[in-house]
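> This is final10.tsv (TSV, C-alpha atoms).
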```tsv
chain	number	residue	atom	x	y	z
A	1	MET	CA	-98.91	-39.27	22.82
A	2	GLU	CA	-97.78	-39.50	19.21
A	3	ASN	CA	-100.45	-38.82	16.65
A	4	THR	CA	-101.08	-42.05	14.71
A	5	ASN	CA	-103.76	-43.20	12.32
A	6	GLU	CA	-104.03	-45.97	9.75
A	7	MET	CA	-106.16	-47.05	6.81
A	8	THR	CA	-106.04	-49.80	4.22
A	9	MET	CA	-108.04	-50.18	1.05
A	10	LEU	CA	-108.24	-52.97	-1.50
A	11	PHE	CA	-109.47	-52.22	-4.99
A	12	ASP	CA	-109.53	-53.61	-8.53
A	13	SER	CA	-106.73	-52.67	-10.92
A	14	ARG	CA	-109.04	-50.59	-13.11
A	15	PRO	CA	-107.78	-47.24	-14.45
A	16	VAL	CA	-110.84	-45.48	-13.01
A	17	ASN	CA	-109.60	-46.41	-9.51
A	18	GLU	CA	-106.41	-44.36	-9.92
A	19	ALA	CA	-108.45	-41.25	-9.06
A	20	LEU	CA	-110.11	-43.05	-6.12
A	21	ALA	CA	-106.72	-44.02	-4.66
A	22	ARG	CA	-105.11	-40.57	-4.88
A	23	VAL	CA	-108.20	-38.77	-3.56
A	24	ALA	CA	-108.51	-41.22	-0.65
A	25	VAL	CA	-104.87	-40.68	0.38
A	26	ALA	CA	-105.22	-36.90	-0.01
A	27	ALA	CA	-108.34	-36.90	2.17
A	28	PHE	CA	-106.65	-39.09	4.79
A	29	CYS	CA	-103.64	-36.72	4.93
A	30	THR	CA	-105.69	-33.60	5.62
A	31	GLN	CA	-105.41	-34.45	9.35
A	32	LEU	CA	-101.80	-33.23	9.13
A	33	ASN	CA	-102.83	-29.87	7.62
A	34	PRO	CA	-100.73	-30.14	4.45
A	35	THR	CA	-100.43	-27.23	2.01
A	36	LEU	CA	-102.22	-27.50	-1.35
A	37	GLU	CA	-98.84	-28.08	-2.96
A	38	GLU	CA	-98.04	-30.96	-0.59
A	39	VAL	CA	-101.44	-32.51	-1.34
A	40	ALA	CA	-100.80	-32.20	-5.10
A	41	ASP	CA	-97.36	-33.82	-4.67
A	42	ILE	CA	-98.79	-36.78	-2.71
A	43	LYS	CA	-101.63	-37.24	-5.22
A	44	THR	CA	-99.20	-37.35	-8.13
A	45	ALA	CA	-96.93	-39.87	-6.35
A	46	VAL	CA	-99.88	-42.17	-5.47
A	47	SER	CA	-101.23	-41.90	-9.00
A	48	GLU	CA	-97.84	-42.96	-10.42
A	49	ALA	CA	-97.57	-46.00	-8.17
A	50	VAL	CA	-101.14	-47.18	-8.82
A	51	THR	CA	-100.80	-46.61	-12.59
A	52	ASN	CA	-97.65	-48.77	-12.48
A	53	CYS	CA	-99.58	-51.63	-10.82
A	54	ILE	CA	-102.31	-51.43	-13.49
A	55	ILE	CA	-100.18	-51.04	-16.63
A	56	HIS	CA	-97.02	-52.91	-15.69
A	57	GLY	CA	-97.78	-55.11	-12.66
A	58	TYR	CA	-101.02	-56.60	-13.98
A	59	GLU	CA	-100.49	-55.63	-17.64
A	60	GLY	CA	-104.12	-54.50	-17.93
A	61	GLY	CA	-105.64	-57.55	-16.23
A	62	ILE	CA	-108.11	-57.01	-13.37
A	63	HIS	CA	-106.69	-58.08	-9.99
A	64	LYS	CA	-106.36	-56.50	-6.56
A	65	ILE	CA	-104.21	-53.57	-5.49
A	66	GLN	CA	-103.69	-52.94	-1.76
A	67	LEU	CA	-103.08	-49.43	-0.55
A	68	SER	CA	-102.08	-48.81	3.06
A	69	CYS	CA	-101.63	-45.39	4.55
A	70	ARG	CA	-100.26	-44.50	7.99
A	71	LEU	CA	-99.78	-41.23	9.79
A	72	ARG	CA	-96.95	-41.26	12.36
A	73	GLY	CA	-96.50	-37.87	13.96
A	74	GLU	CA	-95.77	-35.51	11.07
A	75	GLU	CA	-95.04	-38.32	8.61
A	76	VAL	CA	-97.30	-39.88	5.99
A	77	GLN	CA	-96.39	-43.42	4.93
A	78	VAL	CA	-98.01	-44.97	1.87
A	79	ASP	CA	-97.53	-48.57	0.71
A	80	ILE	CA	-98.96	-49.70	-2.63
A	81	LYS	CA	-98.84	-53.41	-3.34
A	82	ASP	CA	-99.70	-55.60	-6.32
A	83	SER	CA	-99.27	-59.34	-6.87
A	84	GLY	CA	-98.38	-58.94	-10.52
A	85	VAL	CA	-95.40	-59.77	-12.70
A	86	GLY	CA	-92.83	-57.96	-10.56
A	87	ILE	CA	-89.79	-56.01	-11.74
A	88	GLN	CA	-86.64	-57.79	-12.99
A	89	ASP	CA	-84.31	-54.85	-12.45
A	90	VAL	CA	-85.64	-52.28	-9.97
A	91	LYS	CA	-82.64	-49.96	-10.39
A	92	LYS	CA	-83.19	-49.80	-14.14
A	93	ALA	CA	-86.96	-49.34	-13.76
A	94	MET	CA	-86.34	-46.30	-11.55
A	95	GLU	CA	-84.10	-44.54	-14.09
A	96	PRO	CA	-85.66	-41.39	-15.58
A	97	LEU	CA	-87.19	-41.94	-19.04
A	98	TYR	CA	-86.82	-45.73	-18.84
A	99	THR	CA	-90.05	-47.42	-19.88
A	100	THR	CA	-90.97	-50.92	-20.99
A	101	ARG	CA	-94.07	-49.54	-22.70
A	102	PRO	CA	-93.06	-46.82	-25.23
A	103	ASP	CA	-95.87	-48.24	-27.40
A	104	ARG	CA	-98.38	-46.90	-24.88
A	105	GLU	CA	-96.73	-43.47	-24.94
A	106	ARG	CA	-95.59	-43.82	-21.36
A	107	SER	CA	-93.05	-41.18	-20.39
A	108	GLY	CA	-90.80	-43.27	-18.13
A	109	MET	CA	-91.08	-40.57	-15.45
A	110	GLY	CA	-93.23	-42.43	-12.90
A	111	PHE	CA	-90.57	-43.33	-10.33
A	112	THR	CA	-88.78	-40.01	-10.94
A	113	PHE	CA	-91.94	-38.12	-9.95
A	114	MET	CA	-92.46	-40.35	-6.89
A	115	GLU	CA	-88.88	-39.65	-5.77
A	116	ALA	CA	-89.19	-35.93	-6.50
A	117	PHE	CA	-92.43	-35.47	-4.58
A	118	MET	CA	-91.95	-37.79	-1.61
A	119	ASP	CA	-89.10	-37.72	0.92
A	120	GLU	CA	-88.41	-41.44	0.65
A	121	VAL	CA	-89.30	-44.09	-1.93
A	122	SER	CA	-88.29	-47.75	-1.80
A	123	VAL	CA	-89.35	-50.66	-3.96
A	124	GLU	CA	-89.57	-54.33	-3.06
A	125	SER	CA	-90.17	-56.61	-5.98
A	126	GLU	CA	-89.90	-60.24	-6.89
A	127	PRO	CA	-90.43	-61.36	-10.49
A	128	GLY	CA	-93.62	-63.44	-10.69
A	129	ARG	CA	-94.71	-62.46	-7.16
A	130	GLY	CA	-95.42	-58.76	-7.30
A	131	THR	CA	-94.22	-55.34	-6.26
A	132	THR	CA	-94.63	-53.09	-3.24
A	133	VAL	CA	-93.76	-49.41	-3.33
A	134	HIS	CA	-93.16	-47.71	0.05
A	135	MET	CA	-93.26	-43.93	0.20
A	136	LYS	CA	-92.86	-41.43	3.04
A	137	LYS	CA	-93.31	-37.71	3.32
A	138	VAL	CA	-93.03	-35.38	6.28
A	139	ILE	CA	-95.63	-32.62	6.57
A	140	ARG	CA	-93.97	-29.90	8.65
A	141	ARG	CA	-96.02	-27.42	10.60
B	1	MET	CA	-115.60	-32.18	-17.15
B	2	LYS	CA	-114.70	-33.73	-20.50
B	3	PRO	CA	-111.82	-32.66	-22.70
B	4	GLU	CA	-112.86	-30.36	-25.56
B	5	PHE	CA	-111.36	-30.34	-29.04
B	6	GLU	CA	-111.42	-27.43	-31.42
B	7	THR	CA	-109.69	-27.01	-34.76
B	8	GLN	CA	-108.85	-23.78	-36.49
B	9	GLY	CA	-107.04	-24.25	-39.79
B	10	THR	CA	-104.27	-26.74	-39.10
B	11	ALA	CA	-104.16	-26.00	-35.35
B	12	LEU	CA	-105.92	-28.24	-32.85
B	13	THR	CA	-106.69	-26.91	-29.39
B	14	VAL	CA	-107.38	-29.40	-26.61
B	15	ARG	CA	-109.04	-27.96	-23.51
B	16	LEU	CA	-107.94	-30.35	-20.81
B	17	PRO	CA	-110.21	-31.46	-17.97
B	18	ALA	CA	-109.50	-30.90	-14.25
B	19	GLU	CA	-107.46	-34.08	-13.92
B	20	LEU	CA	-105.04	-35.34	-16.57
B	21	ASP	CA	-104.23	-38.92	-15.60
B	22	HIS	CA	-103.82	-42.29	-17.32
B	23	PRO	CA	-107.41	-42.96	-18.50
B	24	VAL	CA	-107.93	-39.32	-19.58
B	25	SER	CA	-104.60	-39.28	-21.48
B	26	ASP	CA	-105.59	-42.45	-23.33
B	27	GLU	CA	-108.93	-40.90	-24.29
B	28	ILE	CA	-107.29	-37.69	-25.57
B	29	ARG	CA	-104.67	-39.69	-27.51
B	30	ARG	CA	-107.42	-41.68	-29.27
B	31	GLU	CA	-109.47	-38.58	-30.09
B	32	THR	CA	-106.49	-36.56	-31.41
B	33	ASP	CA	-105.46	-39.58	-33.54
B	34	ARG	CA	-109.00	-39.71	-34.93
B	35	ILE	CA	-109.02	-35.97	-35.72
B	36	MET	CA	-105.57	-36.23	-37.36
B	37	GLY	CA	-106.96	-38.99	-39.55
B	38	HIS	CA	-109.59	-36.58	-40.94
B	39	ILE	CA	-107.93	-33.17	-40.92
B	40	TYR	CA	-104.35	-32.10	-41.62
B	41	ILE	CA	-103.05	-30.92	-38.24
B	42	ARG	CA	-99.70	-29.13	-37.96
B	43	SER	CA	-99.83	-27.94	-34.36
B	44	MET	CA	-101.54	-28.73	-31.07
B	45	ILE	CA	-102.21	-26.41	-28.18
B	46	PHE	CA	-102.96	-28.00	-24.82
B	47	ASP	CA	-104.95	-25.62	-22.65
B	48	PHE	CA	-104.28	-26.38	-18.97
B	49	SER	CA	-106.23	-23.43	-17.57
B	50	GLY	CA	-108.87	-25.74	-16.04
B	51	THR	CA	-106.41	-28.44	-14.96
B	52	THR	CA	-105.38	-28.89	-11.34
B	53	PHE	CA	-103.92	-32.41	-11.42
B	54	MET	CA	-101.49	-34.21	-13.70
B	55	ASP	CA	-99.14	-37.18	-13.47
B	56	SER	CA	-96.54	-38.69	-15.83
B	57	SER	CA	-99.32	-39.95	-18.13
B	58	GLY	CA	-99.79	-36.32	-19.20
B	59	ILE	CA	-96.08	-36.05	-19.99
B	60	GLY	CA	-96.36	-39.22	-22.10
B	61	LEU	CA	-99.35	-37.72	-23.93
B	62	LEU	CA	-97.52	-34.46	-24.75
B	63	MET	CA	-94.32	-36.24	-25.83
B	64	GLY	CA	-96.32	-38.70	-27.93
B	65	ARG	CA	-98.20	-35.90	-29.71
B	66	TYR	CA	-94.89	-34.08	-30.29
B	67	ARG	CA	-93.60	-37.23	-32.02
B	68	ALA	CA	-96.84	-37.73	-33.96
B	69	LEU	CA	-96.55	-34.17	-35.33
B	70	GLY	CA	-93.03	-34.74	-36.62
B	71	MET	CA	-91.06	-33.20	-33.71
B	72	ARG	CA	-90.99	-29.74	-35.31
B	73	LYS	CA	-90.25	-26.72	-33.14
B	74	GLY	CA	-93.45	-25.26	-31.76
B	75	CYS	CA	-95.70	-28.09	-32.98
B	76	VAL	CA	-96.95	-28.69	-29.42
B	77	SER	CA	-97.50	-26.00	-26.82
B	78	ALA	CA	-99.06	-25.79	-23.39
B	79	THR	CA	-100.95	-22.75	-22.10
B	80	GLY	CA	-102.54	-21.81	-18.81
B	81	VAL	CA	-100.25	-24.02	-16.72
B	82	SER	CA	-100.44	-23.75	-12.94
B	83	ARG	CA	-97.43	-23.91	-10.62
B	84	HIS	CA	-97.89	-27.63	-9.97
B	85	ILE	CA	-98.22	-28.49	-13.66
B	86	GLU	CA	-95.22	-26.31	-14.50
B	87	LYS	CA	-93.16	-28.19	-11.90
B	88	LEU	CA	-94.02	-31.51	-13.57
B	89	LEU	CA	-93.25	-30.19	-17.07
B	90	ARG	CA	-89.87	-28.80	-15.98
B	91	LEU	CA	-88.91	-31.90	-14.00
B	92	SER	CA	-89.61	-34.15	-16.98
B	93	GLY	CA	-87.40	-32.05	-19.26
B	94	ILE	CA	-90.26	-31.72	-21.76
B	95	THR	CA	-89.96	-27.90	-21.70
B	96	ARG	CA	-86.95	-28.30	-24.00
B	97	PHE	CA	-89.36	-29.36	-26.76
B	98	ILE	CA	-92.66	-27.82	-25.80
B	99	GLU	CA	-93.38	-24.16	-25.26
B	100	THR	CA	-95.27	-23.43	-22.08
B	101	GLY	CA	-97.14	-20.37	-20.95
B	102	ARG	CA	-98.94	-19.30	-17.80
B	103	VAL	CA	-102.60	-18.38	-17.73
B	104	ASP	CA	-102.37	-15.15	-19.83
B	105	MET	CA	-103.80	-15.84	-23.31
B	106	THR	CA	-103.90	-12.37	-24.78
B	107	GLY	CA	-101.17	-13.21	-27.27
B	108	LYS	CA	-98.57	-11.08	-25.48
B	109	GLN	CA	-96.38	-14.02	-24.60
B	110	GLU	CA	-93.49	-14.94	-26.81
B	111	GLY	CA	-93.95	-18.11	-28.86
B	112	ASP	CA	-95.58	-18.68	-32.22
B	113	ASN	CA	-98.79	-20.26	-31.06
B	114	TYR	CA	-99.95	-18.19	-28.13
B	115	GLY	CA	-103.18	-16.33	-28.58
B	116	LYS	CA	-103.71	-17.52	-32.12
B	117	TYR	CA	-106.72	-19.65	-31.43
B	118	GLN	CA	-108.92	-17.21	-29.56
```
What is this structure when it is put down as structure tokens?


Amino acid sequence: MENTNEMTMLFDSRPVNEALARVAVAAFCTQLNPTLEEVADIKTAVSEAVTNCIIHGYEGGIHKIQLSCRLRGEEVQVDIKDSGVGIQDVKKAMEPLYTTRPDRERSGMGFTFMEAFMDEVSVESEPGRGTTVHMKKVIRR
Amino acid sequence: MKPEFETQGTALTVRLPAELDHPVSDEIRRETDRIMGHIYIRSMIFDFSGTTFMDSSGIGLLMGRYRALGMRKGCVSATGVSRHIEKLLRLSGITRFIETGRVDMTGKQEGDNYGKYQ
């Protein structure tokens, strides 16, 4: 039988919860016996997506972020969803160094890091309705 | 673990905590701005030797400080970087502007700032 497991968490869009989200996903993934480097990669990718929800999606306001994590065989799937402002042009937002918040000293590398550290990243977004980031990574043993 | 700030002449050393993320980067940005308001700072050294996690917020912090210090060669450097942190620095392209060094801090590494603050 294929090894499957699932978890979902809902939390406030407070910066302090960025650490909670990445540590929760890292802990959940340990069932697949990832290397320390793979854990660090996943933590960085989750941190990027959650930071995006807080800074860009909700623009600092306090609302809910939903994080779902699934293990399917050797694959980790992470979905991070906000109901914030959404992204007008997803392709542009994913370009390296592109940021809408240079005033906050954001680097514009968020999506680039997600794509570099995960095997697959896709973004669903509707302006005014919110954004969901789907990420997948295979942990090979 | 909190970030620690230490000045020596016009050099400011920031000992980074275990995790350099969005809230921590904001805190360090505010504190370095405050210090720069009191003391003339020409260079900043970010000590990563106790840091195991970073995301793009850390890249934004380093780039922002590089700009704040006038974008001069060697005005911002990073020491004690682990493999994971080095990967992030290289991927972001920031290593074109910022000198980086591994854990050795005996001053043997090339670069103007290494070892000067010990």

> So how many Å separate atom CA of Gly86 of chain A and atom CA of Met118 of chain A, to one decimal?

22.1 Å

> As an MDAnalysis selection string, please: the residues near Gly58 of chain B (cut-off 9 Å, all atoms listed in the file, same-chain neighbours under 5 positions excluded).

(chainID A and resid 106:107) or (chainID B and resid 20:22 24:25 63)

> Counting all atoms listed in the file, find residues at most 7 Å from (-99.4, -46.2, 2.6) (file frame) and give them as a PyMOL selection string.

chain A and resi 67-70+77-80+134-135

> For a test of reading the model, state the distance in Å between atom CA of Val76 of chain B and atom CA of Ile35 of chain B, rounded to one decimal.

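Between these atoms lies a distance of 15.4 Å.
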
> Pick out the chain A residues within 9 Å of chain B. Count only C-alpha atoms. Give them as a list in words.

Pro15, Val16, Glu18, Ala19, Glu37, Ala40, Asp41, Lys43, Thr44, Ala45, Ser47, Glu48, Thr51, Pro96, Leu97, Pro102, Arg104, Glu105, Arg106, Ser107, Gly108, Met109, Gly110, Thr112, Phe113 and Ala116 of chain A

> As a list in words, please: the residues near Pro3 of chain B (cut-off 9 Å, all atoms listed in the file, same-chain neighbours under 3 positions excluded).

Val14, Arg15, Leu16, Pro17, Ala18, Val24, Glu27 and Ile28 of chain B

> Atom CA of Glu31 of chain B to atom CA of Ala11 of chain B: how many Å, to one decimal?

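Result for atom CA of Glu31 of chain B versus atom CA of Ala11 of chain B: 14.6 Å, one decimal.
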
> Hey, which of B:Cys75, B:Val81, B:Leu12, B:Met1 ends up closest to Ile98 of chain B? Count all atoms listed in the file.

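Ranked by minimum distance to Ile98 of chain B, first place goes to B:Cys75.
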
> Counting only C-alpha atoms, which residues sit no farther than 8 Å from the position (-92.2, -58.5, -6.5) in the file's frame? I'd like them as a list in words.

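Looking at atoms near the point gives Ser83, Gly84, Val85, Gly86, Ile87, Glu124, Ser125, Glu126, Pro127, Gly128, Arg129, Gly130, Thr131 and Thr132 of chain A.
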
> Mind checking which residues fall within 12 Å of Glu38 of chain A, counting all atoms listed in the file, ignoring those fewer than 6 positions away in the same chain, and posting them as a ChimeraX atom specification?

/A:25-26,29-30,32,44-45,76,116-119,137-141 /B:84

> Which one of B:Gly74, B:Gly80, B:Gly50, B:Gly37 sits closest to Glu4 of chain B if you count all atoms listed in the file?

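Distance minimum relative to Glu4 of chain B lands on B:Gly50.
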
> With 8 Å added on each side, what axis-aligned box encloses every listed atom of segment 34-53 of chain A? Give the centre and edge lengths in Å to one decimal, as JSON.


```
{"center_x": -99.6, "center_y": -39.4, "center_z": -4.1, "size_x": 21.3, "size_y": 40.4, "size_z": 33.0}
```
